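**Q** What follows is model.csv, made up of CSV, C-alpha atoms:
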chain,number,residue,atom,x,y,z
A,1,MET,CA,0.0,0.0,0.0
A,2,SER,CA,1.8,3.1,-1.2
A,3,GLN,CA,1.5,6.4,0.7
A,4,ILE,CA,-0.4,9.1,-1.2
A,5,LYS,CA,-1.5,12.5,-0.2
A,6,CYS,CA,-4.9,12.1,1.5
A,7,THR,CA,-7.6,14.8,1.0
A,8,ILE,CA,-10.5,12.7,2.1
A,9,GLN,CA,-12.5,14.0,5.1
A,10,GLN,CA,-14.1,11.8,7.7
A,11,LYS,CA,-17.6,12.9,6.6
A,12,GLN,CA,-16.9,11.6,3.1
A,13,LEU,CA,-16.0,8.3,4.5
A,14,ILE,CA,-19.1,8.2,6.6
A,15,ASP,CA,-21.3,8.9,3.5
A,16,TYR,CA,-19.3,6.3,1.6
A,17,LEU,CA,-19.9,3.6,4.3
A,18,LEU,CA,-23.6,4.6,4.5
A,19,ASN,CA,-24.1,4.2,0.7
A,20,GLU,CA,-25.0,7.9,0.4
A,21,LEU,CA,-22.5,8.8,-2.4
A,22,SER,CA,-23.1,8.8,-6.1
A,23,LEU,CA,-21.7,5.9,-8.2
A,24,ASP,CA,-18.8,8.0,-9.4
A,25,GLU,CA,-17.9,9.2,-5.9
A,26,THR,CA,-18.2,5.7,-4.5
A,27,SER,CA,-15.9,4.3,-7.2
A,28,ARG,CA,-13.4,7.1,-6.6
A,29,LEU,CA,-13.3,6.4,-2.8
A,30,ASP,CA,-13.1,2.6,-3.5
A,31,ASP,CA,-9.8,3.3,-5.4
A,32,HIS,CA,-8.6,5.8,-2.8
A,33,ILE,CA,-9.2,3.6,0.3
A,34,ARG,CA,-7.4,0.7,-1.3
A,35,SER,CA,-4.3,2.8,-1.5
A,36,CYS,CA,-4.5,4.9,1.6
A,37,LYS,CA,-3.5,3.4,5.0
A,38,LYS,CA,-5.1,6.2,7.0
A,39,CYS,CA,-8.5,5.9,5.3
A,40,THR,CA,-8.5,2.1,5.5
A,41,GLU,CA,-7.9,2.3,9.3
A,42,GLU,CA,-10.5,5.0,9.7
A,43,SER,CA,-13.1,3.0,7.6
A,44,ASN,CA,-12.4,0.0,9.8
A,45,ASN,CA,-13.0,2.0,13.0
A,46,LEU,CA,-16.2,3.4,11.7
A,47,LEU,CA,-17.4,0.0,10.5
A,48,LYS,CA,-16.8,-1.4,14.1
A,49,ILE,CA,-19.1,1.3,15.5
A,50,PHE,CA,-21.7,0.7,12.8
A,51,SER,CA,-21.7,-3.1,13.5
A,52,HIS,CA,-22.4,-2.4,17.2
A,53,LEU,CA,-25.4,-0.3,16.2
A,54,LYS,CA,-26.8,-3.1,14.1
A,55,GLU,CA,-26.8,-5.4,17.1
A,56,LYS,CA,-29.3,-3.3,19.1
A,57,PRO,CA,-32.5,-5.3,19.2
A,58,GLN,CA,-35.9,-3.7,18.7
A,59,PRO,CA,-38.4,-4.5,21.4
A,60,GLN,CA,-41.0,-7.2,21.0
A,61,ILE,CA,-44.6,-6.1,20.5
A,62,LYS,CA,-47.1,-7.6,22.9
A,63,SER,CA,-50.5,-8.8,21.8
A,64,ASP,CA,-52.1,-6.2,24.1
A,65,LEU,CA,-51.0,-3.5,21.8
A,66,TYR,CA,-52.4,-5.3,18.7
A,67,PHE,CA,-55.9,-5.7,20.4
A,68,SER,CA,-56.0,-2.2,21.8
A,69,LEU,CA,-55.2,-0.6,18.5
A,70,LYS,CA,-57.6,-2.9,16.6
A,71,SER,CA,-60.4,-1.9,18.9
A,72,LYS,CA,-59.6,1.8,18.4
A,73,VAL,CA,-59.5,1.3,14.6
A,74,ASN,CA,-62.9,-0.5,14.8
A,75,GLU,CA,-64.3,2.4,16.7
A,76,PHE,CA,-63.0,4.8,14.1
A,77,THR,CA,-64.5,2.8,11.2
A,78,GLU,CA,-67.9,2.5,12.9
A,79,LYS,CA,-67.9,6.3,13.4
A,80,LYS,CA,-67.0,6.8,9.8
A,81,LYS,CA,-69.9,4.7,8.6
A,82,THR,CA,-72.5,6.8,10.5
A,83,PRO,CA,-71.2,10.4,10.2
A,84,ILE,CA,-74.5,12.2,9.8
A,85,ARG,CA,-76.8,10.2,12.0
A,86,SER,CA,-76.6,12.9,14.7
A,87,TYR,CA,-77.8,15.6,12.3
A,88,PRO,CA,-81.2,14.4,11.1
A,89,LYS,CA,-82.1,17.8,9.6
A,90,LEU,CA,-78.9,17.9,7.6
A,91,SER,CA,-79.4,14.3,6.5
A,92,LEU,CA,-83.0,15.1,5.3
A,93,LEU,CA,-81.8,18.2,3.4
A,94,LEU,CA,-79.0,16.2,1.7
A,95,SER,CA,-81.4,13.4,0.7
A,96,ALA,CA,-83.8,16.0,-0.8
A,97,ALA,CA,-80.9,17.6,-2.7
A,98,VAL,CA,-79.9,14.3,-4.1
A,99,VAL,CA,-83.4,13.4,-5.3
A,100,LEU,CA,-83.8,16.9,-6.9
A,101,LEU,CA,-80.4,16.5,-8.7
A,102,PHE,CA,-81.3,13.1,-9.9
A,103,THR,CA,-84.7,14.1,-11.3
A,104,MET,CA,-83.1,17.1,-13.0
A,105,THR,CA,-80.3,15.2,-14.7
A,106,THR,CA,-81.6,11.7,-15.4
A,107,ASN,CA,-82.8,10.7,-18.8
A,108,PHE,CA,-85.4,8.1,-17.9
A,109,ASN,CA,-85.2,6.5,-21.4
A,110,LEU,CA,-81.7,5.2,-20.8
A,111,PRO,CA,-81.4,1.6,-19.7
A,112,VAL,CA,-80.9,1.3,-15.9
A,113,ARG,CA,-77.3,0.3,-15.0
A,114,THR,CA,-77.1,-2.4,-12.4
A,115,LEU,CA,-74.4,-3.2,-10.0
A,116,ASN,CA,-73.8,-6.4,-11.8
A,117,SER,CA,-72.5,-4.7,-14.9
A,118,ASP,CA,-70.0,-2.4,-13.1
A,119,LEU,CA,-66.4,-3.2,-12.6
A,120,ALA,CA,-65.7,-3.3,-8.9
A,121,HIS,CA,-62.2,-2.7,-7.4
A,122,GLU,CA,-61.2,-5.7,-5.4
A,123,SER,CA,-58.3,-6.1,-3.0
A,124,TRP,CA,-57.9,-9.6,-1.6
A,125,PHE,CA,-55.4,-10.6,1.1
A,126,ILE,CA,-55.0,-14.3,1.2
A,127,ASP,CA,-52.8,-16.2,3.7
A,128,SER,CA,-50.0,-17.8,1.8
A,129,SER,CA,-48.0,-19.2,4.7
A,130,SER,CA,-48.3,-22.7,3.6
A,131,SER,CA,-49.9,-22.6,0.2
A,132,ASN,CA,-48.4,-21.6,-3.2
A,133,ILE,CA,-49.9,-19.2,-5.7
A,134,GLN,CA,-50.9,-22.0,-8.1
A,135,THR,CA,-53.2,-23.6,-5.4
A,136,ILE,CA,-55.0,-20.2,-5.1
A,137,TYR,CA,-55.3,-19.9,-8.9
A,138,ASP,CA,-56.6,-23.5,-9.2
A,139,ILE,CA,-59.3,-23.0,-6.5
A,140,HIS,CA,-60.4,-19.7,-7.9
A,141,ASP,CA,-60.6,-20.8,-11.5
A,142,SER,CA,-62.6,-24.0,-10.7
A,143,LEU,CA,-65.0,-22.0,-8.6
A,144,PHE,CA,-65.3,-19.3,-11.2
A,145,TYR,CA,-65.9,-21.9,-14.0
A,146,LYS,CA,-68.6,-23.5,-11.9
A,147,SER,CA,-70.3,-20.2,-11.1
A,148,HIS,CA,-70.0,-19.0,-14.7
A,149,LYS,CA,-71.9,-22.1,-15.9
A,150,GLU,CA,-74.6,-21.8,-13.2
A,151,ASN,CA,-75.1,-18.0,-13.5
A,152,LYS,CA,-74.1,-16.7,-16.9
A,153,SER,CA,-75.9,-13.4,-16.6
A,154,SER,CA,-73.8,-12.0,-13.8
A,155,MET,CA,-70.3,-12.8,-15.2
A,156,GLN,CA,-70.6,-12.7,-19.0
A,157,ASN,CA,-67.5,-12.4,-21.1
A,158,MET,CA,-65.2,-12.4,-18.1
A,159,PRO,CA,-61.9,-14.2,-18.1
A,160,ILE,CA,-62.1,-17.2,-15.8
A,161,LYS,CA,-58.4,-17.2,-14.9
A,162,LEU,CA,-57.4,-15.2,-11.9
A,163,LYS,CA,-53.9,-15.1,-13.3
A,164,ASP,CA,-55.2,-12.9,-16.2
A,165,GLN,CA,-57.2,-10.6,-14.0
A,166,ALA,CA,-55.1,-9.6,-11.0
A,167,THR,CA,-51.9,-7.9,-10.1
A,168,ILE,CA,-50.3,-10.0,-7.4
A,169,ILE,CA,-48.2,-8.4,-4.8
A,170,ASN,CA,-46.0,-10.6,-2.6
A,171,THR,CA,-43.1,-8.8,-1.1
A,172,ASP,CA,-40.9,-9.6,1.9
A,173,ILE,CA,-43.2,-7.4,4.0
A,174,LEU,CA,-46.2,-9.4,2.9
A,175,SER,CA,-44.3,-12.7,3.1
A,176,ASP,CA,-47.2,-14.6,4.6
A,177,HIS,CA,-49.9,-13.1,2.5
A,178,TYR,CA,-50.7,-12.8,-1.2
A,179,TYR,CA,-52.3,-9.5,-2.1
A,180,PHE,CA,-54.4,-9.5,-5.2
A,181,ASP,CA,-55.4,-6.1,-6.7
A,182,PHE,CA,-57.9,-6.0,-9.6
A,183,TYR,CA,-61.2,-4.8,-11.1
A,184,ARG,CA,-63.9,-7.3,-11.9
A,185,LYS,CA,-67.6,-7.7,-12.5
A,186,GLY,CA,-70.0,-9.1,-10.1
A,187,THR,CA,-71.7,-7.8,-7.0
A,188,PRO,CA,-69.7,-7.0,-3.8
A,189,LYS,CA,-71.4,-10.0,-2.2
A,190,LEU,CA,-70.4,-12.4,-4.9
A,191,ASN,CA,-66.8,-11.2,-4.9
A,192,PHE,CA,-66.7,-11.4,-1.1
A,193,TRP,CA,-68.1,-15.0,-1.4
A,194,PHE,CA,-65.3,-15.9,-3.8
A,195,ARG,CA,-62.6,-14.5,-1.4
A,196,GLU,CA,-64.0,-16.3,1.6
A,197,ILE,CA,-64.3,-19.6,-0.1
A,198,ILE,CA,-60.8,-19.5,-1.4
A,199,SER,CA,-59.5,-18.6,2.1
A,200,ASN,CA,-61.5,-21.3,3.7
A,201,ARG,CA,-60.4,-24.0,1.3
A,202,ILE,CA,-56.8,-23.0,1.8
A,203,ASN,CA,-57.1,-23.1,5.6
A,204,ARG,CA,-58.8,-26.5,5.4
A,205,LYS,CA,-56.0,-27.7,3.2
A,206,ASN,CA,-53.4,-26.4,5.6
A,207,ASN,CA,-55.2,-28.0,8.6
A,208,SER,CA,-55.4,-31.3,6.8
A,209,ILE,CA,-51.7,-31.2,6.1
A,210,LEU,CA,-50.9,-30.3,9.7
A,211,GLY,CA,-53.4,-32.9,11.1
B,1,MET,CA,-46.2,-15.4,-13.2
B,2,VAL,CA,-46.2,-13.7,-9.9
B,3,ARG,CA,-45.0,-10.1,-10.4
B,4,PRO,CA,-43.5,-8.8,-7.2
B,5,ILE,CA,-44.1,-5.0,-6.8
B,6,THR,CA,-44.0,-2.7,-3.8
B,7,ALA,CA,-47.2,-2.8,-1.7
B,8,LYS,CA,-48.8,0.6,-1.5
B,9,ASP,CA,-49.4,1.3,2.2
B,10,GLU,CA,-51.7,4.2,1.3
B,11,ILE,CA,-54.1,1.6,-0.3
B,12,LEU,CA,-53.8,-0.6,2.7
B,13,ILE,CA,-54.6,2.2,5.1
B,14,LYS,CA,-57.7,3.2,3.1
B,15,LYS,CA,-58.8,-0.4,3.2
B,16,CYS,CA,-58.1,-0.4,6.9
B,17,ALA,CA,-60.3,2.7,7.3
B,18,GLU,CA,-63.1,0.8,5.6
B,19,GLY,CA,-62.8,-2.0,8.1
B,20,ASP,CA,-60.6,-4.4,6.3
B,21,THR,CA,-58.9,-6.4,9.1
B,22,ASP,CA,-56.3,-8.1,6.8
B,23,ALA,CA,-55.1,-4.6,5.8
B,24,PHE,CA,-54.8,-3.7,9.4
B,25,ASP,CA,-52.8,-6.8,10.2
B,26,LEU,CA,-50.3,-6.1,7.4
B,27,LEU,CA,-49.8,-2.5,8.4
B,28,PHE,CA,-49.5,-3.4,12.1
B,29,LYS,CA,-46.9,-6.0,11.3
B,30,LYS,CA,-45.0,-3.6,9.2
B,31,TYR,CA,-45.0,-0.5,11.5
B,32,ALA,CA,-45.7,-1.5,15.1
B,33,ARG,CA,-42.2,-2.6,16.0
B,34,PRO,CA,-40.1,0.1,14.3
B,35,LEU,CA,-42.4,3.0,15.1
B,36,THR,CA,-42.8,2.0,18.8
B,37,PHE,CA,-39.0,1.6,19.0
B,38,PHE,CA,-38.5,5.0,17.3
B,39,ILE,CA,-40.9,6.8,19.6
B,40,GLU,CA,-39.5,5.1,22.7
B,41,GLN,CA,-36.0,6.2,21.8
B,42,ILE,CA,-37.3,9.8,21.8
B,43,ILE,CA,-39.6,9.9,24.9
B,44,LYS,CA,-37.9,7.2,26.9
B,45,ASP,CA,-41.1,5.6,28.1
B,46,ARG,CA,-42.2,2.3,26.7
B,47,GLN,CA,-45.9,2.5,27.8
B,48,ARG,CA,-46.3,6.0,26.5
B,49,ALA,CA,-44.5,5.0,23.3
B,50,GLU,CA,-47.2,2.3,22.7
B,51,ASP,CA,-49.9,4.9,23.3
B,52,ILE,CA,-48.3,7.4,20.9
B,53,PHE,CA,-47.9,4.6,18.3
B,54,GLN,CA,-51.7,4.1,18.5
B,55,ASP,CA,-52.4,7.8,18.3
B,56,THR,CA,-50.1,7.9,15.2
B,57,PHE,CA,-52.0,5.1,13.5
B,58,ILE,CA,-55.4,6.7,14.2
B,59,LYS,CA,-54.2,10.1,13.0
B,60,VAL,CA,-53.0,8.5,9.8
B,61,LEU,CA,-56.5,6.9,9.3
B,62,GLN,CA,-58.1,10.3,9.9
B,63,LYS,CA,-55.8,12.2,7.6
B,64,ILE,CA,-55.2,9.7,4.8
B,65,ASP,CA,-57.4,11.8,2.4
B,66,THR,CA,-54.9,14.7,2.8
B,67,PHE,CA,-51.9,12.5,2.0
B,68,ASP,CA,-49.8,13.9,-0.9
B,69,ASN,CA,-48.9,11.0,-3.3
B,70,ARG,CA,-45.7,12.7,-4.3
B,71,PHE,CA,-44.2,11.8,-0.9
B,72,ARG,CA,-43.6,8.4,0.6
B,73,PHE,CA,-46.2,7.0,2.9
B,74,SER,CA,-43.5,5.6,5.3
B,75,THR,CA,-41.8,9.0,5.7
B,76,TRP,CA,-45.3,10.6,6.3
B,77,ILE,CA,-46.1,8.1,9.1
B,78,TYR,CA,-42.7,8.6,10.7
B,79,ARG,CA,-43.2,12.4,10.6
B,80,ILE,CA,-46.6,12.1,12.4
B,81,ALA,CA,-44.9,9.9,15.0
B,82,LEU,CA,-42.1,12.3,15.5
B,83,ASN,CA,-44.5,15.3,15.9
B,84,LEU,CA,-46.6,13.4,18.4
B,85,SER,CA,-43.5,12.4,20.3
B,86,LEU,CA,-42.2,16.0,20.5
B,87,ASN,CA,-45.7,17.1,21.7
B,88,GLU,CA,-45.5,14.5,24.4
B,89,LEU,CA,-42.0,15.8,25.4
B,90,LYS,CA,-43.4,19.3,25.4
B,91,ARG,CA,-46.4,18.2,27.6
B,92,ALA,CA,-44.2,16.2,29.9
B,93,SER,CA,-41.7,19.1,30.3
B,94,LYS,CA,-44.6,21.4,31.3
B,95,VAL,CA,-45.8,18.9,33.9
B,96,ASN,CA,-42.2,18.4,35.1
B,97,SER,CA,-41.7,22.1,35.5
B,98,PHE,CA,-43.9,22.0,38.7
B,99,PRO,CA,-41.7,21.0,41.6
B,100,THR,CA,-43.1,17.7,42.8
B,101,GLY,CA,-40.5,16.9,45.3
B,102,ASN,CA,-39.7,13.5,43.9
B,103,SER,CA,-38.1,14.4,40.5
B,104,ASN,CA,-34.7,12.8,39.9
B,105,LYS,CA,-32.5,14.9,37.7
B,106,ASP,CA,-30.0,12.1,37.4
B,107,ASP,CA,-32.6,9.7,36.0
B,108,GLU,CA,-31.7,9.1,32.4
B,109,ARG,CA,-35.4,8.5,31.6
B,110,SER,CA,-36.4,12.0,32.6
B,111,ILE,CA,-35.7,13.6,29.3
B,112,ASN,CA,-37.7,16.7,28.6
B,113,PHE,CA,-38.5,19.0,25.6
B,114,GLU,CA,-35.9,21.6,26.4
B,115,ASP,CA,-33.3,18.7,26.5
B,116,TYR,CA,-34.5,17.6,23.2
B,117,LEU,CA,-34.0,21.0,21.6
B,118,ARG,CA,-30.5,21.4,23.1
B,119,GLU,CA,-27.8,21.1,20.5
B,120,GLU,CA,-24.9,20.5,23.0
B,121,ASN,CA,-24.0,17.3,24.8
B,122,THR,CA,-24.7,16.3,28.3
B,123,PRO,CA,-21.5,15.7,30.3
B,124,TYR,CA,-20.6,12.0,29.8
B,125,SER,CA,-18.8,10.0,32.5
B,126,THR,CA,-18.4,6.3,32.8
B,127,THR,CA,-16.4,4.6,35.4
B,128,GLU,CA,-17.8,1.1,35.1
B,129,ARG,CA,-16.5,-1.3,32.6
B,130,LYS,CA,-19.3,-2.2,30.2
B,131,ASP,CA,-19.4,-4.3,27.1
B,132,ARG,CA,-19.1,-2.4,23.9
B,133,LEU,CA,-22.8,-2.7,22.9
B,134,GLU,CA,-23.9,-1.2,26.2
B,135,GLN,CA,-21.3,1.5,25.9
B,136,VAL,CA,-22.4,2.4,22.4
B,137,SER,CA,-26.1,2.4,23.6
B,138,GLU,CA,-25.3,4.7,26.4
B,139,ALA,CA,-23.2,7.0,24.2
B,140,ILE,CA,-26.2,7.4,21.9
B,141,GLU,CA,-28.2,8.7,24.8
B,142,HIS,CA,-25.8,11.5,25.1
B,143,ILE,CA,-26.2,12.7,21.5
B,144,PRO,CA,-28.4,15.8,21.6
B,145,GLY,CA,-32.0,15.5,20.4
B,146,PRO,CA,-32.3,16.5,16.7
B,147,LYS,CA,-29.0,14.8,15.9
B,148,LYS,CA,-30.1,11.6,17.7
B,149,VAL,CA,-33.3,11.5,15.8
B,150,ALA,CA,-31.5,11.7,12.4
B,151,PHE,CA,-28.9,9.2,13.7
B,152,MET,CA,-31.6,6.7,14.8
B,153,LEU,CA,-33.5,7.0,11.5
B,154,LYS,CA,-30.3,6.3,9.6
B,155,PHE,CA,-28.9,3.4,11.6
B,156,TYR,CA,-31.9,1.7,13.2
B,157,HIS,CA,-34.4,2.3,10.4
B,158,ASN,CA,-32.1,2.3,7.4
B,159,LEU,CA,-33.6,5.4,5.8
B,160,SER,CA,-31.8,7.6,3.3
B,161,TYR,CA,-30.7,11.2,4.0
B,162,GLU,CA,-33.5,12.4,1.8
B,163,GLU,CA,-36.2,10.4,3.6
B,164,ILE,CA,-34.9,11.6,7.0
B,165,ALA,CA,-35.0,15.2,5.7
B,166,ASP,CA,-38.7,14.7,4.7
B,167,ILE,CA,-39.6,13.3,8.1
B,168,THR,CA,-37.9,16.0,10.2
B,169,GLY,CA,-38.7,18.9,7.8
B,170,SER,CA,-35.0,19.7,7.5
B,171,SER,CA,-32.7,20.1,4.5
B,172,VAL,CA,-30.6,17.1,3.3
B,173,GLY,CA,-27.5,19.2,4.1
B,174,THR,CA,-28.6,19.6,7.7
B,175,ILE,CA,-29.3,15.9,8.0
B,176,LYS,CA,-25.9,15.1,6.6
B,177,SER,CA,-24.1,17.3,9.1
B,178,ARG,CA,-26.2,16.0,12.0
B,179,ILE,CA,-25.3,12.4,11.2
B,180,HIS,CA,-21.7,13.3,10.6
B,181,TYR,CA,-21.6,15.0,14.0
B,182,ALA,CA,-23.4,12.2,15.8
B,183,VAL,CA,-21.0,9.5,14.4
B,184,LYS,CA,-18.0,11.7,15.3
B,185,GLN,CA,-19.4,12.2,18.7
B,186,LEU,CA,-20.1,8.5,19.2
B,187,LYS,CA,-16.7,7.6,18.0
B,188,ALA,CA,-15.1,9.9,20.5
B,189,LEU,CA,-17.4,8.7,23.3
B,190,VAL,CA,-16.7,5.0,22.8
B,191,GLY,CA,-13.1,5.6,22.0
B,192,GLU,CA,-12.8,3.7,18.8
Transcribe the structure of this file into C-alpha cells.
**A**
Amino acid sequence: MSQIKCTIQQKQLIDYLLNELSLDETSRLDDHIRSCKKCTEESNNLLKIFSHLKEKPQPQIKSDLYFSLKSKVNEFTEKKKTPIRSYPKLSLLLSAAVVLLFTMTTNFNLPVRTLNSDLAHESWFIDSSSSNIQTIYDIHDSLFYKSHKENKSSMQNMPIKLKDQATIINTDILSDHYYFDFYRKGTPKLNFWFREIISNRINRKNNSILG
Amino acid sequence: MVRPITAKDEILIKKCAEGDTDAFDLLFKKYARPLTFFIEQIIKDRQRAEDIFQDTFIKVLQKIDTFDNRFRFSTWIYRIALNLSLNELKRASKVNSFPTGNSNKDDERSINFEDYLREENTPYSTTERKDRLEQVSEAIEHIPGPKKVAFMLKFYHNLSYEEIADITGSSVGTIKSRIHYAVKQLKALVGE
C-alpha cells in the first residue's frame, strides 16, 4: 500500500460507508481507500461502531398493543360509517338535494345500469404461509368456472383465470400473504363470497396437512 | 407469473379505514415494532411510546385523504410519529416544571422537551466497565435530540438522508451534518 496525499475527510468516509454517495464518488473512494492506509484504518474503525449499532435489538410487540389498536380502529370505522346520524335535519336536506339533482339530470329513457355490470375494485389478502400461488389460482378458477356455468348473466365475457385478472403483490413485508389487486364484474357480495371460499379452502387444506 | 411489486401502504390504510382487518394486520406487522421503537427512543417511556404509536396510527387513518402522493407513505407516518412524540415531550416538560419533590435529575429517563431542543452534549462520564454494545447504547443517549433522531432513523431504520429530511422537515445538508456530527461524537465517546 503506497502512501499518497490524502484529502478525504471523515464525513466523506461516513457517507461512503452509509451508501450515500453517487456511483462516481463511490468508485473514486473505493480506489482511494485501497491505496490509503489512513482511510483504511478510519473506515475499519467506523465499521466497528456501525456493527455495534446493528446489534441493538428492537423491542418485542405484545398482543395487548395489537388488540388495543384494533379496537380503536374498529371504533374509528364505525364512526366513519355513520357520520350524519346525529344531524337528522342535515341528512334530510341532503337526501332532498340528491333526489332533486337526480330528477333534473336523469334521462329516464336510458337503460338502468345495475351493479352487476359495473367493474368493482377488489383487493384480496390471502394467507400464503403454507400454500403456493398455483393452489390459489386453481381453487379460484374452478370456482369461477362453476359459477360461470350456473349463473351466466352476472359474469358474462369475463376471463375465468385469476392469473389474467389480478396484479399479485407478494413482497418480503407481505411474506405470509398474497395481495391481489384488480377490477372485476359481479356484486360485492359475490366477490366477497369468492374470497371467503378461497381462504376457507386453503385453511382447510393447511389443517389437513398439519393434522 | 407472480409479479412482485411494492405494496402501497396508502391503499392498505384506506382499506383499513373501511374496516378491512387483513389490511390492518399487514400495516400493524410492518409499522408497530419500528415505530414504537423509534418513539420510545425519543420519549424514553415504553408504555407512552405504545400509546403514541396508537395515536399515530389513528391520525393516519383520519388524515389519509390529505396524504400527498408525491411523498412516501413511510416518511409521512414517521413524521406524524415524530411530531406526536415531540408534543409529548413538550407536555411532559410542562408537567415536570412544577416541583413535585420526587423528581430525579440524574434519572436518564427524565428527558424533557428543552433537553430535546438542546444542541450541545450532556456531560458524559463512565467509570464502570461495560461491554461495547452497552457502551455504544449509552453513548447514543448523550447525543443531543435532533442529531439523535437523524442518527436513529439512519442506523436503526435504514432510511436515506432524503427520507430523513422529509420526516424531520430539515434540508438534506442539515441531516448530513447532524449524522456526521453524531457519528463523530459516538466515536469519541466510545473511544474507537
**Q** Mind checking which residues fall within 12 Å of range 162-170 of chain B, counting all atoms listed in the file, ignoring those fewer than 6 positions away in the same chain, and posting them as a PyMOL selection string?
**A** (chain A and resi 20) or (chain B and resi 70-83+86+145-155+176-179)
**Q** Where does chain B meet chain A within 9 Å, residue by residue, with the nearest atom pair and distance in Å to one decimal for each, counting all atoms listed in the file, listed by chain and rising number, as a tab-separated table?
**A**
residue	atom	partner	partner_atom	distance
B:Met1	CA	A:Lys163	CA	7.7
B:Val2	CA	A:Ile168	CA	6.1
B:Arg3	CA	A:Ile168	CA	6.1
B:Pro4	CA	A:Ile169	CA	5.3
B:Ile5	CA	A:Ile169	CA	5.7
B:Thr6	CA	A:Thr171	CA	6.7
B:Ala7	CA	A:Ile169	CA	6.5
B:Lys15	CA	A:Ser123	CA	8.4
B:Cys16	CA	A:Val73	CA	8.0
B:Ala17	CA	A:Thr77	CA	5.7
B:Glu18	CA	A:Thr77	CA	6.1
B:Gly19	CA	A:Thr77	CA	6.0
B:Thr21	CA	A:Lys70	CA	8.4
B:Asp22	CA	A:Phe125	CA	6.3
B:Ala23	CA	A:Phe125	CA	7.6
B:Phe24	CA	A:Lys70	CA	7.8
B:Asp25	CA	A:Tyr66	CA	8.6
B:Leu26	CA	A:Leu174	CA	6.9
B:Phe28	CA	A:Tyr66	CA	7.5
B:Lys29	CA	A:Ile173	CA	8.3
B:Lys30	CA	A:Ile173	CA	6.7
B:Ala32	CA	A:Ile61	CA	7.2
B:Arg33	CA	A:Ile61	CA	6.2
B:Pro34	CA	A:Gln58	CA	7.2
B:Thr36	CA	A:Pro59	CA	8.3
B:Phe37	CA	A:Gln58	CA	6.1
B:Glu50	CA	A:Leu65	CA	7.0
B:Asp51	CA	A:Leu65	CA	8.6
B:Phe53	CA	A:Leu69	CA	9.0
B:Gln54	CA	A:Leu69	CA	5.9
B:Asp55	CA	A:Leu69	CA	8.9
B:Phe57	CA	A:Leu69	CA	8.2
B:Ile58	CA	A:Val73	CA	6.8
B:Leu61	CA	A:Val73	CA	8.3
B:Gln62	CA	A:Phe76	CA	8.5
B:Arg132	CA	A:His52	CA	7.5
B:Leu133	CA	A:His52	CA	5.7
B:Val136	CA	A:His52	CA	7.1
B:Ser137	CA	A:Leu53	CA	7.9
B:Lys154	CA	A:Leu18	CA	8.6
B:Phe155	CA	A:Leu53	CA	6.9
B:Tyr156	CA	A:Lys54	CA	7.1
B:Ser160	CA	A:Glu20	CA	7.4
B:Tyr161	CA	A:Glu20	CA	7.5
B:Lys176	CA	A:Asp15	CA	8.3
B:Ser177	CA	A:Lys11	CA	8.2
B:Ile179	CA	A:Ile14	CA	8.8
B:His180	CA	A:Lys11	CA	5.7
B:Tyr181	CA	A:Lys11	CA	8.7
B:Val183	CA	A:Ile14	CA	8.1
B:Lys184	CA	A:Gln10	CA	8.5
B:Leu186	CA	A:Ile49	CA	8.2
B:Lys187	CA	A:Ile49	CA	7.2
B:Val190	CA	A:Ile49	CA	8.5
B:Glu192	CA	A:Asn45	CA	6.0
**Q** Based on the selection just made, write C-alpha atoms of those residues as a compact mmCIF listing (two decimals), keeping the file's coordinate frame.
**A**
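result.txt, written as the output of this step:
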# COMPACT_ATOMS: atom_id res chain seq x y z
CA MET B 1 -46.20 -15.40 -13.20
CA VAL B 2 -46.20 -13.70 -9.90
CA ARG B 3 -45.00 -10.10 -10.40
CA PRO B 4 -43.50 -8.80 -7.20
CA ILE B 5 -44.10 -5.00 -6.80
CA THR B 6 -44.00 -2.70 -3.80
CA ALA B 7 -47.20 -2.80 -1.70
CA LYS B 15 -58.80 -0.40 3.20
CA CYS B 16 -58.10 -0.40 6.90
CA ALA B 17 -60.30 2.70 7.30
CA GLU B 18 -63.10 0.80 5.60
CA GLY B 19 -62.80 -2.00 8.10
CA THR B 21 -58.90 -6.40 9.10
CA ASP B 22 -56.30 -8.10 6.80
CA ALA B 23 -55.10 -4.60 5.80
CA PHE B 24 -54.80 -3.70 9.40
CA ASP B 25 -52.80 -6.80 10.20
CA LEU B 26 -50.30 -6.10 7.40
CA PHE B 28 -49.50 -3.40 12.10
CA LYS B 29 -46.90 -6.00 11.30
CA LYS B 30 -45.00 -3.60 9.20
CA ALA B 32 -45.70 -1.50 15.10
CA ARG B 33 -42.20 -2.60 16.00
CA PRO B 34 -40.10 0.10 14.30
CA THR B 36 -42.80 2.00 18.80
CA PHE B 37 -39.00 1.60 19.00
CA GLU B 50 -47.20 2.30 22.70
CA ASP B 51 -49.90 4.90 23.30
CA PHE B 53 -47.90 4.60 18.30
CA GLN B 54 -51.70 4.10 18.50
CA ASP B 55 -52.40 7.80 18.30
CA PHE B 57 -52.00 5.10 13.50
CA ILE B 58 -55.40 6.70 14.20
CA LEU B 61 -56.50 6.90 9.30
CA GLN B 62 -58.10 10.30 9.90
CA ARG B 132 -19.10 -2.40 23.90
CA LEU B 133 -22.80 -2.70 22.90
CA VAL B 136 -22.40 2.40 22.40
CA SER B 137 -26.10 2.40 23.60
CA LYS B 154 -30.30 6.30 9.60
CA PHE B 155 -28.90 3.40 11.60
CA TYR B 156 -31.90 1.70 13.20
CA SER B 160 -31.80 7.60 3.30
CA TYR B 161 -30.70 11.20 4.00
CA LYS B 176 -25.90 15.10 6.60
CA SER B 177 -24.10 17.30 9.10
CA ILE B 179 -25.30 12.40 11.20
CA HIS B 180 -21.70 13.30 10.60
CA TYR B 181 -21.60 15.00 14.00
CA VAL B 183 -21.00 9.50 14.40
CA LYS B 184 -18.00 11.70 15.30
CA LEU B 186 -20.10 8.50 19.20
CA LYS B 187 -16.70 7.60 18.00
CA VAL B 190 -16.70 5.00 22.80
CA GLU B 192 -12.80 3.70 18.80
**Q** Figure out the distance between CA of Tyr16 in chain A and CA of Ile39 in chain B, please, to one decimal in Å.
**A**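 According to the coordinates, CA of Ile39 in chain B and CA of Tyr16 in chain A are separated by 28.1 Å.
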**Q** Could you tell me how far CA of Lys63 in chain B lies from CA of His157 in chain B, in Å and to one decimal?
**A**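 Separating CA of Lys63 in chain B from CA of His157 in chain B is a distance of 23.7 Å.
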**Q** If I take CA of Glu10 in chain B and CA of Leu35 in chain B, how far is one from the other in Å, to one decimal?
**A**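 Separation between CA of Glu10 in chain B and CA of Leu35 in chain B: 16.7 Å.
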